[in-house]
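Content type compact mmCIF, C-alpha atoms and all ligand atoms, from the file structure-v8.txt:
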# COMPACT_ATOMS: atom_id res chain seq x y z
CA MET A 15 -25.54 97.47 121.07
CA SER A 16 -24.01 94.22 120.00
CA SER A 17 -26.12 91.45 118.44
CA LYS A 18 -28.11 89.36 120.87
CA VAL A 19 -27.33 86.25 118.87
CA LYS A 20 -23.87 84.73 119.13
CA LYS A 21 -21.67 85.21 116.07
CA ASN A 22 -21.22 81.49 115.38
CA ILE A 23 -24.99 80.91 115.60
CA LEU A 24 -25.81 83.90 113.40
CA LYS A 25 -23.75 82.28 110.66
CA LEU A 26 -26.12 79.31 110.51
CA LYS A 27 -28.78 79.32 107.84
CA GLU A 28 -31.86 77.23 107.33
CA SER A 29 -31.02 73.87 105.84
CA SER A 30 -31.32 73.86 102.05
CA THR A 31 -33.21 70.57 102.23
CA LEU A 32 -36.03 72.50 103.85
CA ALA A 33 -35.83 75.31 101.30
CA ILE A 34 -36.31 72.92 98.37
CA ASN A 35 -39.26 71.35 100.17
CA GLU A 36 -40.88 74.76 100.59
CA LYS A 37 -40.40 75.55 96.90
CA SER A 38 -41.77 72.12 95.92
CA LYS A 39 -44.85 72.65 98.09
CA GLU A 40 -45.50 75.98 96.37
CA LEU A 41 -45.32 74.33 92.95
CA ILE A 42 -47.60 71.47 94.04
CA LYS A 43 -50.13 74.04 95.25
CA SER A 44 -50.12 75.65 91.84
CA GLY A 45 -51.01 72.26 90.32
CA LYS A 46 -47.57 71.13 89.12
CA LYS A 47 -46.45 67.53 89.49
CA ILE A 48 -43.29 67.30 91.55
CA TYR A 49 -40.85 64.40 91.71
CA ARG A 50 -39.47 64.46 95.21
CA PHE A 51 -35.86 63.54 94.54
CA GLY A 52 -34.61 66.08 97.05
CA PHE A 53 -35.74 64.38 100.21
CA GLY A 54 -33.69 61.70 101.98
CA GLN A 55 -36.15 59.58 103.93
CA SER A 56 -36.63 55.82 103.96
CA PRO A 57 -39.86 54.87 102.17
CA PHE A 58 -40.23 51.55 104.03
CA GLN A 59 -42.36 50.55 106.96
CA ILE A 60 -40.73 49.81 110.28
CA PRO A 61 -40.72 46.01 110.91
CA GLU A 62 -44.02 45.10 112.49
CA LYS A 63 -42.55 43.45 115.56
CA VAL A 64 -40.57 46.58 116.37
CA VAL A 65 -43.76 48.68 116.13
CA ASP A 66 -45.60 46.17 118.31
CA THR A 67 -42.87 46.44 120.93
CA LEU A 68 -43.29 50.20 120.94
CA LYS A 69 -47.03 49.80 121.50
CA LEU A 70 -46.48 47.33 124.31
CA ASN A 71 -44.20 49.80 126.06
CA ALA A 72 -46.21 52.96 125.43
CA HIS A 73 -47.35 53.09 129.06
CA LYS A 74 -43.80 53.18 130.43
CA LYS A 75 -43.33 56.69 131.64
CA GLU A 76 -40.38 56.73 134.00
CA TYR A 77 -37.10 58.32 132.99
CA LEU A 78 -34.39 55.92 131.92
CA PRO A 79 -30.69 56.38 132.75
CA ILE A 80 -29.11 59.38 130.99
CA GLN A 81 -26.85 57.14 128.96
CA GLY A 82 -29.76 54.98 127.82
CA LEU A 83 -31.36 51.66 128.66
CA PRO A 84 -28.55 49.22 129.62
CA GLU A 85 -30.15 46.39 127.64
CA LEU A 86 -30.28 48.54 124.52
CA ARG A 87 -26.65 49.56 124.92
CA GLU A 88 -25.71 45.93 125.29
CA LYS A 89 -27.57 44.97 122.11
CA ILE A 90 -25.91 47.80 120.17
CA SER A 91 -22.54 46.70 121.55
CA ASN A 92 -23.25 43.18 120.23
CA HIS A 93 -24.47 44.53 116.89
CA LEU A 94 -21.23 46.49 116.42
CA PHE A 95 -19.09 43.56 117.54
CA LYS A 96 -20.79 41.24 115.07
CA ASN A 97 -20.34 43.67 112.20
CA THR A 98 -16.98 45.27 112.92
CA GLY A 99 -15.18 42.83 115.20
CA VAL A 100 -14.63 45.69 117.66
CA ARG A 101 -16.06 45.50 121.15
CA TYR A 102 -17.41 48.88 122.24
CA SER A 103 -18.45 48.16 125.80
CA LYS A 104 -21.97 49.05 126.80
CA GLU A 105 -20.52 51.61 129.24
CA ASN A 106 -19.16 53.43 126.21
CA ILE A 107 -22.38 53.69 124.26
CA LEU A 108 -24.64 56.71 124.53
CA ILE A 109 -28.25 56.61 123.33
CA THR A 110 -29.25 59.89 121.69
CA PRO A 111 -32.34 61.43 120.08
CA GLY A 112 -31.12 60.59 116.56
CA SER A 113 -27.48 60.22 115.56
CA LYS A 114 -27.53 63.90 114.57
CA GLU A 115 -27.65 64.83 118.26
CA ALA A 116 -24.85 62.36 118.97
CA MET A 117 -22.65 64.17 116.46
CA LEU A 118 -23.64 67.58 117.74
CA LEU A 119 -22.60 66.59 121.26
CA MET A 120 -19.26 65.44 119.86
CA HIS A 121 -18.71 68.81 118.19
CA VAL A 122 -19.65 70.68 121.37
CA THR A 123 -17.30 68.56 123.46
CA PHE A 124 -14.35 68.47 121.10
CA ASN A 125 -11.52 70.97 121.32
CA GLY A 126 -9.87 71.04 117.90
CA GLU A 127 -10.52 71.18 114.17
CA ILE A 128 -12.71 69.16 111.82
CA LEU A 129 -11.66 67.59 108.55
CA THR A 130 -14.42 66.38 106.28
CA PRO A 131 -14.42 65.22 102.66
CA ALA A 132 -16.33 67.08 99.98
CA PRO A 133 -18.93 65.75 99.48
CA SER A 134 -20.28 65.45 103.00
CA TRP A 135 -23.66 65.54 104.67
CA VAL A 136 -25.15 69.04 105.07
CA SER A 137 -25.06 69.16 108.88
CA TYR A 138 -21.40 68.46 109.68
CA GLU A 139 -20.20 71.98 108.96
CA PRO A 140 -22.98 73.86 110.82
CA GLN A 141 -22.55 71.50 113.77
CA ALA A 142 -18.82 72.25 113.83
CA GLN A 143 -19.68 75.96 113.78
CA ILE A 144 -21.97 75.49 116.78
CA GLY A 145 -19.05 73.81 118.53
CA SER A 146 -16.72 76.66 117.44
CA ASN A 147 -14.45 74.19 115.65
CA LYS A 148 -12.76 75.21 112.41
CA VAL A 149 -13.68 73.11 109.36
CA HIS A 150 -11.30 71.94 106.64
CA TRP A 151 -12.71 70.44 103.43
CA LEU A 152 -10.95 67.72 101.50
CA GLU A 153 -12.07 67.56 97.86
CA THR A 154 -12.58 64.12 96.39
CA SER A 155 -13.04 62.98 92.81
CA ARG A 156 -15.31 60.71 90.84
CA GLU A 157 -12.29 58.58 89.81
CA ASN A 158 -11.72 57.73 93.47
CA ASN A 159 -15.38 57.03 94.09
CA TRP A 160 -15.89 60.34 95.95
CA PHE A 161 -13.68 59.37 98.91
CA PRO A 162 -10.22 60.73 99.67
CA THR A 163 -7.20 58.61 98.91
CA ALA A 164 -4.64 58.03 101.67
CA ILE A 165 -2.20 60.28 99.81
CA GLU A 166 -4.74 63.09 99.56
CA LEU A 167 -5.54 62.76 103.24
CA GLU A 168 -1.91 62.92 104.27
CA LYS A 169 -1.23 65.88 102.01
CA LYS A 170 -4.12 67.78 103.54
CA LEU A 171 -2.98 66.97 107.08
CA LYS A 172 0.49 68.30 106.32
CA LYS A 173 -1.11 71.50 105.09
CA ILE A 174 -3.25 71.87 108.21
CA GLY A 175 -0.12 71.65 110.34
CA LYS A 176 1.21 69.74 113.31
CA ASN A 177 0.07 69.39 116.91
CA LYS A 178 -3.62 69.87 116.37
CA ASN A 179 -6.50 67.80 117.60
CA ILE A 180 -8.42 66.72 114.52
CA ILE A 181 -11.64 64.82 113.95
CA PHE A 182 -11.83 63.25 110.51
CA ILE A 183 -15.41 62.50 109.47
CA LEU A 184 -16.10 59.51 107.28
CA ASN A 185 -19.55 58.46 106.09
CA SER A 186 -19.92 55.24 104.10
CA PRO A 187 -22.26 54.51 102.33
CA ASN A 188 -22.22 58.18 101.68
CA ASN A 189 -24.81 60.88 101.64
CA PRO A 190 -24.83 62.44 99.00
CA SER A 191 -22.81 60.19 96.65
CA GLY A 192 -24.33 56.78 97.44
CA ALA A 193 -20.77 55.39 97.27
CA ILE A 194 -18.99 52.97 99.59
CA CYS A 195 -15.45 53.64 100.77
CA LYS A 196 -13.08 50.90 99.58
CA ASN A 197 -9.84 52.18 101.08
CA LEU A 198 -10.71 52.15 104.77
CA LYS A 199 -7.50 50.41 105.75
CA GLU A 200 -5.24 52.92 104.01
CA LEU A 201 -7.16 55.86 105.44
CA ALA A 202 -6.95 54.30 108.91
CA GLN A 203 -3.17 53.98 108.59
CA VAL A 204 -2.83 57.70 107.90
CA ALA A 205 -5.28 58.50 110.70
CA LYS A 206 -3.17 56.45 113.09
CA LYS A 207 0.06 58.12 112.00
CA TYR A 208 -1.42 61.59 112.60
CA LYS A 209 -3.32 60.55 115.74
CA LEU A 210 -6.67 61.65 114.33
CA ILE A 211 -9.99 60.94 115.93
CA ILE A 212 -12.38 59.40 113.41
CA LEU A 213 -16.09 60.00 113.47
CA SER A 214 -17.47 57.13 111.44
CA ASP A 215 -21.04 58.03 110.53
CA GLU A 216 -22.56 54.58 109.97
CA ILE A 217 -26.21 55.58 109.71
CA TYR A 218 -26.39 53.96 106.23
CA THR A 219 -23.95 51.09 106.70
CA ASP A 220 -26.73 48.54 107.08
CA LEU A 221 -27.86 49.69 103.63
CA SER A 222 -24.71 48.55 101.78
CA PHE A 223 -25.82 46.87 98.56
CA ASP A 224 -22.98 44.35 98.64
CA ASN A 225 -24.51 43.11 101.92
CA ARG A 226 -21.26 43.70 103.80
CA TYR A 227 -20.99 45.94 106.82
CA LYS A 228 -17.60 47.66 106.55
CA SER A 229 -16.37 50.01 109.23
CA ILE A 230 -13.08 51.87 109.58
CA SER A 231 -13.17 51.00 113.30
CA GLU A 232 -11.88 47.56 112.31
CA PHE A 233 -8.53 49.15 111.39
CA TYR A 234 -8.33 51.86 114.04
CA PRO A 235 -10.51 50.89 117.01
CA LYS A 236 -8.57 53.04 119.47
CA ALA A 237 -9.84 56.34 118.13
CA THR A 238 -12.92 55.61 116.04
CA PHE A 239 -16.25 56.91 117.29
CA ILE A 240 -19.26 55.34 115.56
CA SER A 241 -22.64 57.01 115.17
CA GLY A 242 -25.70 55.12 114.00
CA GLY A 243 -29.34 54.42 114.75
CA LEU A 244 -32.75 53.36 113.51
CA SER A 245 -33.48 56.16 111.05
CA LYS A 246 -32.38 54.59 107.79
CA TRP A 247 -32.20 50.78 107.84
CA CYS A 248 -35.28 50.49 110.03
CA GLY A 249 -37.23 53.33 108.42
CA ALA A 250 -37.75 55.03 111.79
CA GLY A 251 -36.35 58.53 111.22
CA GLY A 252 -39.18 60.18 113.14
CA TRP A 253 -38.60 58.02 116.19
CA ARG A 254 -35.33 59.83 116.82
CA LEU A 255 -33.28 56.93 118.13
CA GLY A 256 -29.55 57.10 117.59
CA PHE A 257 -26.34 56.18 119.35
CA LEU A 258 -22.71 57.06 119.70
CA ALA A 259 -20.13 54.37 120.40
CA VAL A 260 -17.03 55.84 122.01
CA PRO A 261 -13.65 54.06 122.00
CA ASN A 262 -13.01 52.39 125.32
CA GLU A 263 -9.86 54.52 125.73
CA SER A 264 -11.78 57.82 125.60
CA LYS A 265 -13.22 57.89 129.11
CA GLN A 266 -12.90 61.67 129.54
CA PHE A 267 -14.75 62.27 126.28
CA MET A 268 -17.47 59.82 127.30
CA ASN A 269 -18.00 61.49 130.69
CA SER A 270 -18.31 64.91 129.10
CA LEU A 271 -20.82 63.61 126.55
CA LYS A 272 -22.89 62.16 129.38
CA SER A 273 -22.85 65.49 131.22
CA LEU A 274 -23.98 67.30 128.09
CA ALA A 275 -26.75 64.78 127.55
CA SER A 276 -27.93 65.16 131.13
CA GLU A 277 -28.01 68.96 130.84
CA SER A 278 -29.88 69.00 127.53
CA TYR A 279 -32.27 66.18 126.56
CA SER A 280 -31.85 64.14 129.80
CA THR A 281 -32.54 60.81 128.12
CA VAL A 282 -34.29 59.48 125.01
CA ASN A 283 -38.00 58.69 125.39
CA THR A 284 -38.61 55.42 127.20
CA PRO A 285 -40.96 53.46 124.86
CA THR A 286 -38.70 53.99 121.84
CA GLN A 287 -35.69 52.65 123.71
CA PHE A 288 -37.56 49.44 124.51
CA ALA A 289 -38.64 49.13 120.88
CA ALA A 290 -35.04 49.67 119.79
CA VAL A 291 -33.96 46.70 121.93
CA GLU A 292 -36.16 44.56 119.71
CA ALA A 293 -34.73 46.17 116.55
CA TYR A 294 -31.17 45.35 117.62
CA LYS A 295 -31.76 41.93 119.10
CA GLY A 296 -34.28 40.48 116.64
CA ASP A 297 -33.33 38.83 113.38
CA TYR A 298 -34.06 41.39 110.68
CA GLU A 299 -31.64 40.02 108.10
CA GLN A 300 -34.42 39.11 105.65
CA TYR A 301 -36.04 42.52 106.08
CA LYS A 302 -32.71 44.22 105.42
CA LEU A 303 -31.95 42.03 102.39
CA LYS A 304 -35.28 42.96 100.86
CA VAL A 305 -34.95 46.67 101.61
CA ARG A 306 -31.43 46.76 100.15
CA SER A 307 -32.45 44.83 97.12
CA ILE A 308 -35.39 47.14 96.35
CA LEU A 309 -33.23 50.23 96.83
CA ASN A 310 -30.48 48.73 94.71
CA SER A 311 -32.93 47.93 91.89
CA VAL A 312 -34.51 51.38 91.93
CA GLY A 313 -31.08 53.02 92.11
CA ASN A 314 -29.84 50.97 89.19
CA TYR A 315 -32.92 51.82 87.18
CA VAL A 316 -32.23 55.53 87.63
CA TYR A 317 -28.52 55.05 86.95
CA ASN A 318 -29.09 53.08 83.73
CA ASN A 319 -31.72 55.43 82.39
CA LEU A 320 -30.06 58.68 83.27
CA LYS A 321 -26.41 58.19 82.42
CA SER A 322 -25.47 59.62 79.05
CA ASN A 323 -22.80 61.77 77.48
CA LYS A 324 -24.53 64.72 79.18
CA VAL A 325 -25.04 63.14 82.61
CA ILE A 326 -22.20 61.32 84.31
CA ILE A 327 -22.97 59.14 87.34
CA ASN A 328 -21.27 56.43 89.33
CA PRO A 329 -23.43 53.34 89.97
CA PRO A 330 -25.35 53.07 93.26
CA GLN A 331 -23.58 51.19 96.08
CA GLY A 332 -25.63 52.00 99.17
CA ALA A 333 -28.01 54.36 101.01
CA PHE A 334 -30.54 55.86 98.58
CA TYR A 335 -28.67 58.53 96.68
CA LEU A 336 -26.97 59.15 93.37
CA MET A 337 -24.85 62.14 92.48
CA PRO A 338 -25.27 63.00 88.80
CA GLU A 339 -23.05 65.56 87.12
CA PHE A 340 -24.59 67.60 84.31
CA LYS A 341 -22.26 68.63 81.54
CA ASN A 342 -23.10 72.17 80.59
CA LYS A 343 -21.82 75.70 80.42
CA LYS A 344 -25.25 77.33 80.62
CA PHE A 345 -25.55 77.56 84.37
CA LYS A 346 -23.15 79.27 86.72
CA THR A 347 -24.02 77.36 89.90
CA SER A 348 -25.44 73.97 90.84
CA SER A 349 -28.12 75.75 92.78
CA LYS A 350 -29.29 77.62 89.65
CA LEU A 351 -29.18 74.30 87.79
CA CYS A 352 -31.48 72.69 90.40
CA GLU A 353 -33.85 75.64 90.30
CA VAL A 354 -34.18 75.46 86.50
CA ILE A 355 -34.61 71.67 86.54
CA LEU A 356 -37.33 71.98 89.18
CA ASN A 357 -39.20 74.63 87.19
CA GLU A 358 -38.87 72.94 83.83
CA THR A 359 -39.34 69.26 84.76
CA GLY A 360 -40.80 69.18 88.27
CA VAL A 361 -37.81 67.14 89.50
CA ALA A 362 -36.60 68.41 92.89
CA MET A 363 -32.94 67.74 93.73
CA LEU A 364 -30.33 69.35 95.97
CA PRO A 365 -27.32 71.23 94.60
CA GLY A 366 -23.81 69.84 95.07
CA SER A 367 -22.79 73.13 96.69
CA ASP A 368 -24.84 72.12 99.76
CA PHE A 369 -22.45 69.22 100.26
CA GLY A 370 -19.18 71.12 100.14
CA PHE A 371 -18.51 71.31 96.39
CA LYS A 372 -17.58 74.57 94.71
CA PRO A 373 -20.79 76.19 93.38
CA ASP A 374 -19.67 75.91 89.76
CA LYS A 375 -19.45 72.09 89.87
CA MET A 376 -22.61 70.89 88.18
CA LEU A 377 -23.34 68.14 90.68
CA THR A 378 -26.68 67.37 92.31
CA ARG A 379 -27.94 64.92 94.89
CA LEU A 380 -30.71 62.71 93.64
CA SER A 381 -32.64 60.69 96.20
CA TYR A 382 -34.56 57.78 94.66
CA THR A 383 -37.07 57.23 97.45
CA ASP A 384 -40.18 58.80 95.93
CA PHE A 385 -42.18 55.57 96.00
CA ASP A 386 -44.51 53.64 98.29
CA GLY A 387 -42.07 51.36 100.07
CA THR A 388 -44.81 49.45 101.88
CA GLN A 389 -46.43 48.35 98.62
CA PHE A 390 -43.15 47.56 96.92
CA PHE A 391 -41.95 45.54 99.93
CA LYS A 392 -45.21 43.58 100.14
CA ASN A 393 -45.04 42.60 96.48
CA VAL A 394 -41.47 41.38 96.40
CA LYS A 395 -41.56 37.64 96.81
CA ASP A 396 -37.95 36.91 95.95
CA TYR A 397 -35.55 39.71 96.72
CA LYS A 398 -32.99 38.31 94.27
CA THR A 399 -35.09 38.93 91.20
CA ILE A 400 -36.46 42.45 91.16
CA SER A 401 -37.00 43.38 87.53
CA ASP A 402 -37.23 46.77 85.84
CA GLU A 403 -40.85 45.91 85.27
CA MET A 404 -41.41 45.80 89.03
CA VAL A 405 -39.59 49.11 89.42
CA ARG A 406 -41.91 50.62 86.79
CA LYS A 407 -44.95 49.22 88.60
CA TYR A 408 -44.05 50.10 92.19
CA ALA A 409 -41.88 53.18 91.75
CA PRO A 410 -43.71 55.04 88.96
CA ASN A 411 -42.75 58.50 90.18
CA VAL A 412 -39.08 57.61 90.19
CA VAL A 413 -39.39 56.19 86.68
CA GLU A 414 -41.34 59.18 85.33
CA GLY A 415 -39.05 61.71 86.99
CA THR A 416 -36.01 59.92 85.59
CA THR A 417 -37.45 60.08 82.06
CA LYS A 418 -38.22 63.79 82.45
CA LEU A 419 -34.74 64.50 83.74
CA SER A 420 -33.07 62.42 81.08
CA ASN A 421 -35.04 64.15 78.29
CA TRP A 422 -34.28 67.53 79.77
CA ALA A 423 -30.55 66.74 79.84
CA LYS A 424 -30.53 65.82 76.12
CA ASN A 425 -30.96 69.52 75.30
CA LEU A 426 -27.96 70.62 77.32
C1 LIG A 501 -25.16 61.13 106.54
C2 LIG A 501 -26.18 61.28 107.61
N1 LIG A 501 -25.78 61.20 108.88
C3 LIG A 501 -26.65 61.33 109.89
C4 LIG A 501 -27.99 61.57 109.66
C5 LIG A 501 -28.88 61.78 110.86
O1 LIG A 501 -29.74 60.78 111.08
P1 LIG A 501 -30.58 60.65 112.44
O2 LIG A 501 -30.35 61.89 113.25
O3 LIG A 501 -31.99 60.53 112.01
O4 LIG A 501 -30.05 59.44 113.13
C6 LIG A 501 -28.46 61.66 108.36
C7 LIG A 501 -29.88 61.92 108.09
O5 LIG A 501 -30.31 62.38 107.10
C8 LIG A 501 -27.53 61.49 107.30
O6 LIG A 501 -27.91 61.56 106.02
Any chance you could give the structure as structure tokens?
Amino acid sequence: MSSKVKKNILKLKESSTLAINEKSKELIKSGKKIYRFGFGQSPFQIPEKVVDTLKLNAHKKEYLPIQGLPELREKISNHLFKNTGVRYSKENILITPGSKEAMLLMHVTFNGEILTPAPSWVSYEPQAQIGSNKVHWLETSRENNWFPTAIELEKKLKKIGKNKNIIFILNSPNNPSGAICKNLKELAQVAKKYKLIILSDEIYTDLSFDNRYKSISEFYPKATFISGGLSKWCGAGGWRLGFLAVPNESKQFMNSLKSLASESYSTVNTPTQFAAVEAYKGDYEQYKLKVRSILNSVGNYVYNNLKSNKVIINPPQGAFYLMPEFKNKKFKTSSKLCEVILNETGVAMLPGSDFGFKPDKMLTRLSYTDFDGTQFFKNVKDYKTISDEMVRKYAPNVVEGTTKLSNWAKNL
């Protein structure tokens, strides 16, 4: 008898992020100190007023429209307009349980092939597999800040061949590199020429350390889909509130997404949508400035104390990740490298191979969020002057883990 599980689903494996967490838990149980540099979650508290709004609306129990609360869609439309200059109408915004679901629905709906840079977030490829869409990887380099150049993009598109529907995924600031894409305009020009659809994953864009929200939609509004939500800038990952903004020209796509939403999750939970209205309409600029500044300081601390002739890293630009490269010939794969580092130093990181790199590239993803964000936030009076001393005081695990890692790397 044939397998009862579909072939494309059988191919999926448990996310490696979870695997490293399991291994870390085991080590903690056996009494070992673990530095949780593998996990990508905001350490900060959700702004109090947003939490209060959730409480105030906890009794609301009726279903909201499939597409989401109109007021919330309007606020997100305004938020995008303010930041990108592009008006995604509220009719073309879909509220989803996390932006991950928004992207999954896109993959399920889309008839074509996916092009994504290496490195890319761990879920794009499995989601494409669920949607039965072929995936093409486009390798990037440190010299180009881990984003493709326009020439590289065009070369790849020529190789893929003509007359294909293609979604090009772009995520800036990037998970796992922590880098910001500086050549959006050039990439958009190629995208236009080849009539690509762009999925601009902007879940971290509010966490750009230069305090500028840059989106490729500005240069190619006709075919740029934007995903985003509350998980990162607002520290509300567990609330599962995301959105997808669909270009006004893509009505058919939008209608299909709505049908999928209605036949799967129906609508996002009501209280959270009301709380999200507050998050998108209130003035959280000061909150964001402080959060960015703390992350930037911690990221720079790690960068300055880890870079050496054995560990090459680009400086942090956004989100909460760095992507160190370890110079060595001892290990065959980045996953073996991470395993040995975890056992010998207690530092948990994810291997570069999880993000689309060839296994023999000695890259890892380091997340510098292993600190009490509430305490750190409370004690920052002036976000412009966060010293290394403050990082040592309020992010001791990050500091200690960095020292362990740096000492370990000296013996490579
Ligand atoms: C690059 C990237 N995109 C999207 C997501 C999904 O975020 P959420 O589903 O919580 O909105 C994540 C979360 O880790 C991410 O790192």
Which residues of chain A have any atom within 10 Å of an atom in ligand LIG 501 (chain A) when counting only C-alpha atoms and all ligand atoms, and what is the closest pair of atoms for each, with the distance in Å to one decimal? Order the rows by chain and rising number and write it as JSON lines.
{"residue": "A:Thr31", "atom": "CA", "partner": "A:LIG501", "partner_atom": "O5", "distance": 10.0}
{"residue": "A:Phe53", "atom": "CA", "partner": "A:LIG501", "partner_atom": "O5", "distance": 9.0}
{"residue": "A:Gly54", "atom": "CA", "partner": "A:LIG501", "partner_atom": "O5", "distance": 6.2}
{"residue": "A:Gln55", "atom": "CA", "partner": "A:LIG501", "partner_atom": "O5", "distance": 7.2}
{"residue": "A:Ser56", "atom": "CA", "partner": "A:LIG501", "partner_atom": "O5", "distance": 9.6}
{"residue": "A:Thr110", "atom": "CA", "partner": "A:LIG501", "partner_atom": "O4", "distance": 8.6}
{"residue": "A:Pro111", "atom": "CA", "partner": "A:LIG501", "partner_atom": "O2", "distance": 7.1}
{"residue": "A:Gly112", "atom": "CA", "partner": "A:LIG501", "partner_atom": "O2", "distance": 3.6}
{"residue": "A:Ser113", "atom": "CA", "partner": "A:LIG501", "partner_atom": "O4", "distance": 3.6}
{"residue": "A:Lys114", "atom": "CA", "partner": "A:LIG501", "partner_atom": "O2", "distance": 3.7}
{"residue": "A:Glu115", "atom": "CA", "partner": "A:LIG501", "partner_atom": "O2", "distance": 6.4}
{"residue": "A:Ala116", "atom": "CA", "partner": "A:LIG501", "partner_atom": "O2", "distance": 7.9}
{"residue": "A:Met117", "atom": "CA", "partner": "A:LIG501", "partner_atom": "C3", "distance": 8.2}
{"residue": "A:Leu118", "atom": "CA", "partner": "A:LIG501", "partner_atom": "O2", "distance": 9.9}
{"residue": "A:Ser134", "atom": "CA", "partner": "A:LIG501", "partner_atom": "C1", "distance": 7.4}
{"residue": "A:Trp135", "atom": "CA", "partner": "A:LIG501", "partner_atom": "C1", "distance": 5.0}
{"residue": "A:Val136", "atom": "CA", "partner": "A:LIG501", "partner_atom": "O6", "distance": 8.0}
{"residue": "A:Ser137", "atom": "CA", "partner": "A:LIG501", "partner_atom": "N1", "distance": 8.0}
{"residue": "A:Tyr138", "atom": "CA", "partner": "A:LIG501", "partner_atom": "N1", "distance": 8.5}
{"residue": "A:Leu184", "atom": "CA", "partner": "A:LIG501", "partner_atom": "C1", "distance": 9.2}
{"residue": "A:Asn185", "atom": "CA", "partner": "A:LIG501", "partner_atom": "C1", "distance": 6.2}
{"residue": "A:Ser186", "atom": "CA", "partner": "A:LIG501", "partner_atom": "C1", "distance": 8.3}
{"residue": "A:Pro187", "atom": "CA", "partner": "A:LIG501", "partner_atom": "C1", "distance": 8.4}
{"residue": "A:Asn188", "atom": "CA", "partner": "A:LIG501", "partner_atom": "C1", "distance": 6.4}
{"residue": "A:Asn189", "atom": "CA", "partner": "A:LIG501", "partner_atom": "C1", "distance": 4.9}
{"residue": "A:Pro190", "atom": "CA", "partner": "A:LIG501", "partner_atom": "C1", "distance": 7.7}
{"residue": "A:Ser214", "atom": "CA", "partner": "A:LIG501", "partner_atom": "N1", "distance": 9.6}
{"residue": "A:Asp215", "atom": "CA", "partner": "A:LIG501", "partner_atom": "N1", "distance": 5.9}
{"residue": "A:Glu216", "atom": "CA", "partner": "A:LIG501", "partner_atom": "N1", "distance": 7.4}
{"residue": "A:Ile217", "atom": "CA", "partner": "A:LIG501", "partner_atom": "N1", "distance": 5.7}
{"residue": "A:Tyr218", "atom": "CA", "partner": "A:LIG501", "partner_atom": "C1", "distance": 7.3}
{"residue": "A:Ser241", "atom": "CA", "partner": "A:LIG501", "partner_atom": "C3", "distance": 7.9}
{"residue": "A:Gly242", "atom": "CA", "partner": "A:LIG501", "partner_atom": "O4", "distance": 6.2}
{"residue": "A:Gly243", "atom": "CA", "partner": "A:LIG501", "partner_atom": "O4", "distance": 5.3}
{"residue": "A:Leu244", "atom": "CA", "partner": "A:LIG501", "partner_atom": "O4", "distance": 6.7}
{"residue": "A:Ser245", "atom": "CA", "partner": "A:LIG501", "partner_atom": "O3", "distance": 4.7}
{"residue": "A:Lys246", "atom": "CA", "partner": "A:LIG501", "partner_atom": "O3", "distance": 7.3}
{"residue": "A:Gly249", "atom": "CA", "partner": "A:LIG501", "partner_atom": "O3", "distance": 9.6}
{"residue": "A:Ala250", "atom": "CA", "partner": "A:LIG501", "partner_atom": "O3", "distance": 8.0}
{"residue": "A:Gly251", "atom": "CA", "partner": "A:LIG501", "partner_atom": "O3", "distance": 4.9}
{"residue": "A:Gly252", "atom": "CA", "partner": "A:LIG501", "partner_atom": "O3", "distance": 7.3}
{"residue": "A:Trp253", "atom": "CA", "partner": "A:LIG501", "partner_atom": "O3", "distance": 8.2}
{"residue": "A:Arg254", "atom": "CA", "partner": "A:LIG501", "partner_atom": "O3", "distance": 5.9}
{"residue": "A:Leu255", "atom": "CA", "partner": "A:LIG501", "partner_atom": "O4", "distance": 6.5}
{"residue": "A:Gly256", "atom": "CA", "partner": "A:LIG501", "partner_atom": "O4", "distance": 5.1}
{"residue": "A:Phe257", "atom": "CA", "partner": "A:LIG501", "partner_atom": "O4", "distance": 7.9}
{"residue": "A:Ala333", "atom": "CA", "partner": "A:LIG501", "partner_atom": "O6", "distance": 8.8}
{"residue": "A:Phe334", "atom": "CA", "partner": "A:LIG501", "partner_atom": "O6", "distance": 9.7}
{"residue": "A:Tyr335", "atom": "CA", "partner": "A:LIG501", "partner_atom": "O6", "distance": 9.8}
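Distances to Met363 (chain A) were evaluated for A:Ile23, A:Leu320, A:Ile34, A:Ile165 using only C-alpha atoms, and the minimum falls at A:Ile34.
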Write out as a compact mmCIF listing (two decimals) with C-alpha atoms, in the frame of the given file each polymer residue whose atoms come within 10 Å of Tyr382 (chain A), counting all atoms listed in the file; drop sequence neighbours fewer than 4 positions from it.
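The new file around.txt reads:
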# COMPACT_ATOMS: atom_id res chain seq x y z
CA TYR A 49 -40.85 64.40 91.71
CA ARG A 50 -39.47 64.46 95.21
CA PHE A 51 -35.86 63.54 94.54
CA GLY A 52 -34.61 66.08 97.05
CA PHE A 53 -35.74 64.38 100.21
CA GLY A 54 -33.69 61.70 101.98
CA GLN A 55 -36.15 59.58 103.93
CA SER A 56 -36.63 55.82 103.96
CA PRO A 57 -39.86 54.87 102.17
CA LEU A 309 -33.23 50.23 96.83
CA ASN A 310 -30.48 48.73 94.71
CA VAL A 312 -34.51 51.38 91.93
CA GLY A 313 -31.08 53.02 92.11
CA ASN A 314 -29.84 50.97 89.19
CA TYR A 315 -32.92 51.82 87.18
CA VAL A 316 -32.23 55.53 87.63
CA ALA A 333 -28.01 54.36 101.01
CA PHE A 334 -30.54 55.86 98.58
CA TYR A 335 -28.67 58.53 96.68
CA LEU A 336 -26.97 59.15 93.37
CA ALA A 409 -41.88 53.18 91.75
CA ASN A 411 -42.75 58.50 90.18
CA VAL A 412 -39.08 57.61 90.19
CA VAL A 413 -39.39 56.19 86.68
CA GLY A 415 -39.05 61.71 86.99
CA THR A 416 -36.01 59.92 85.59
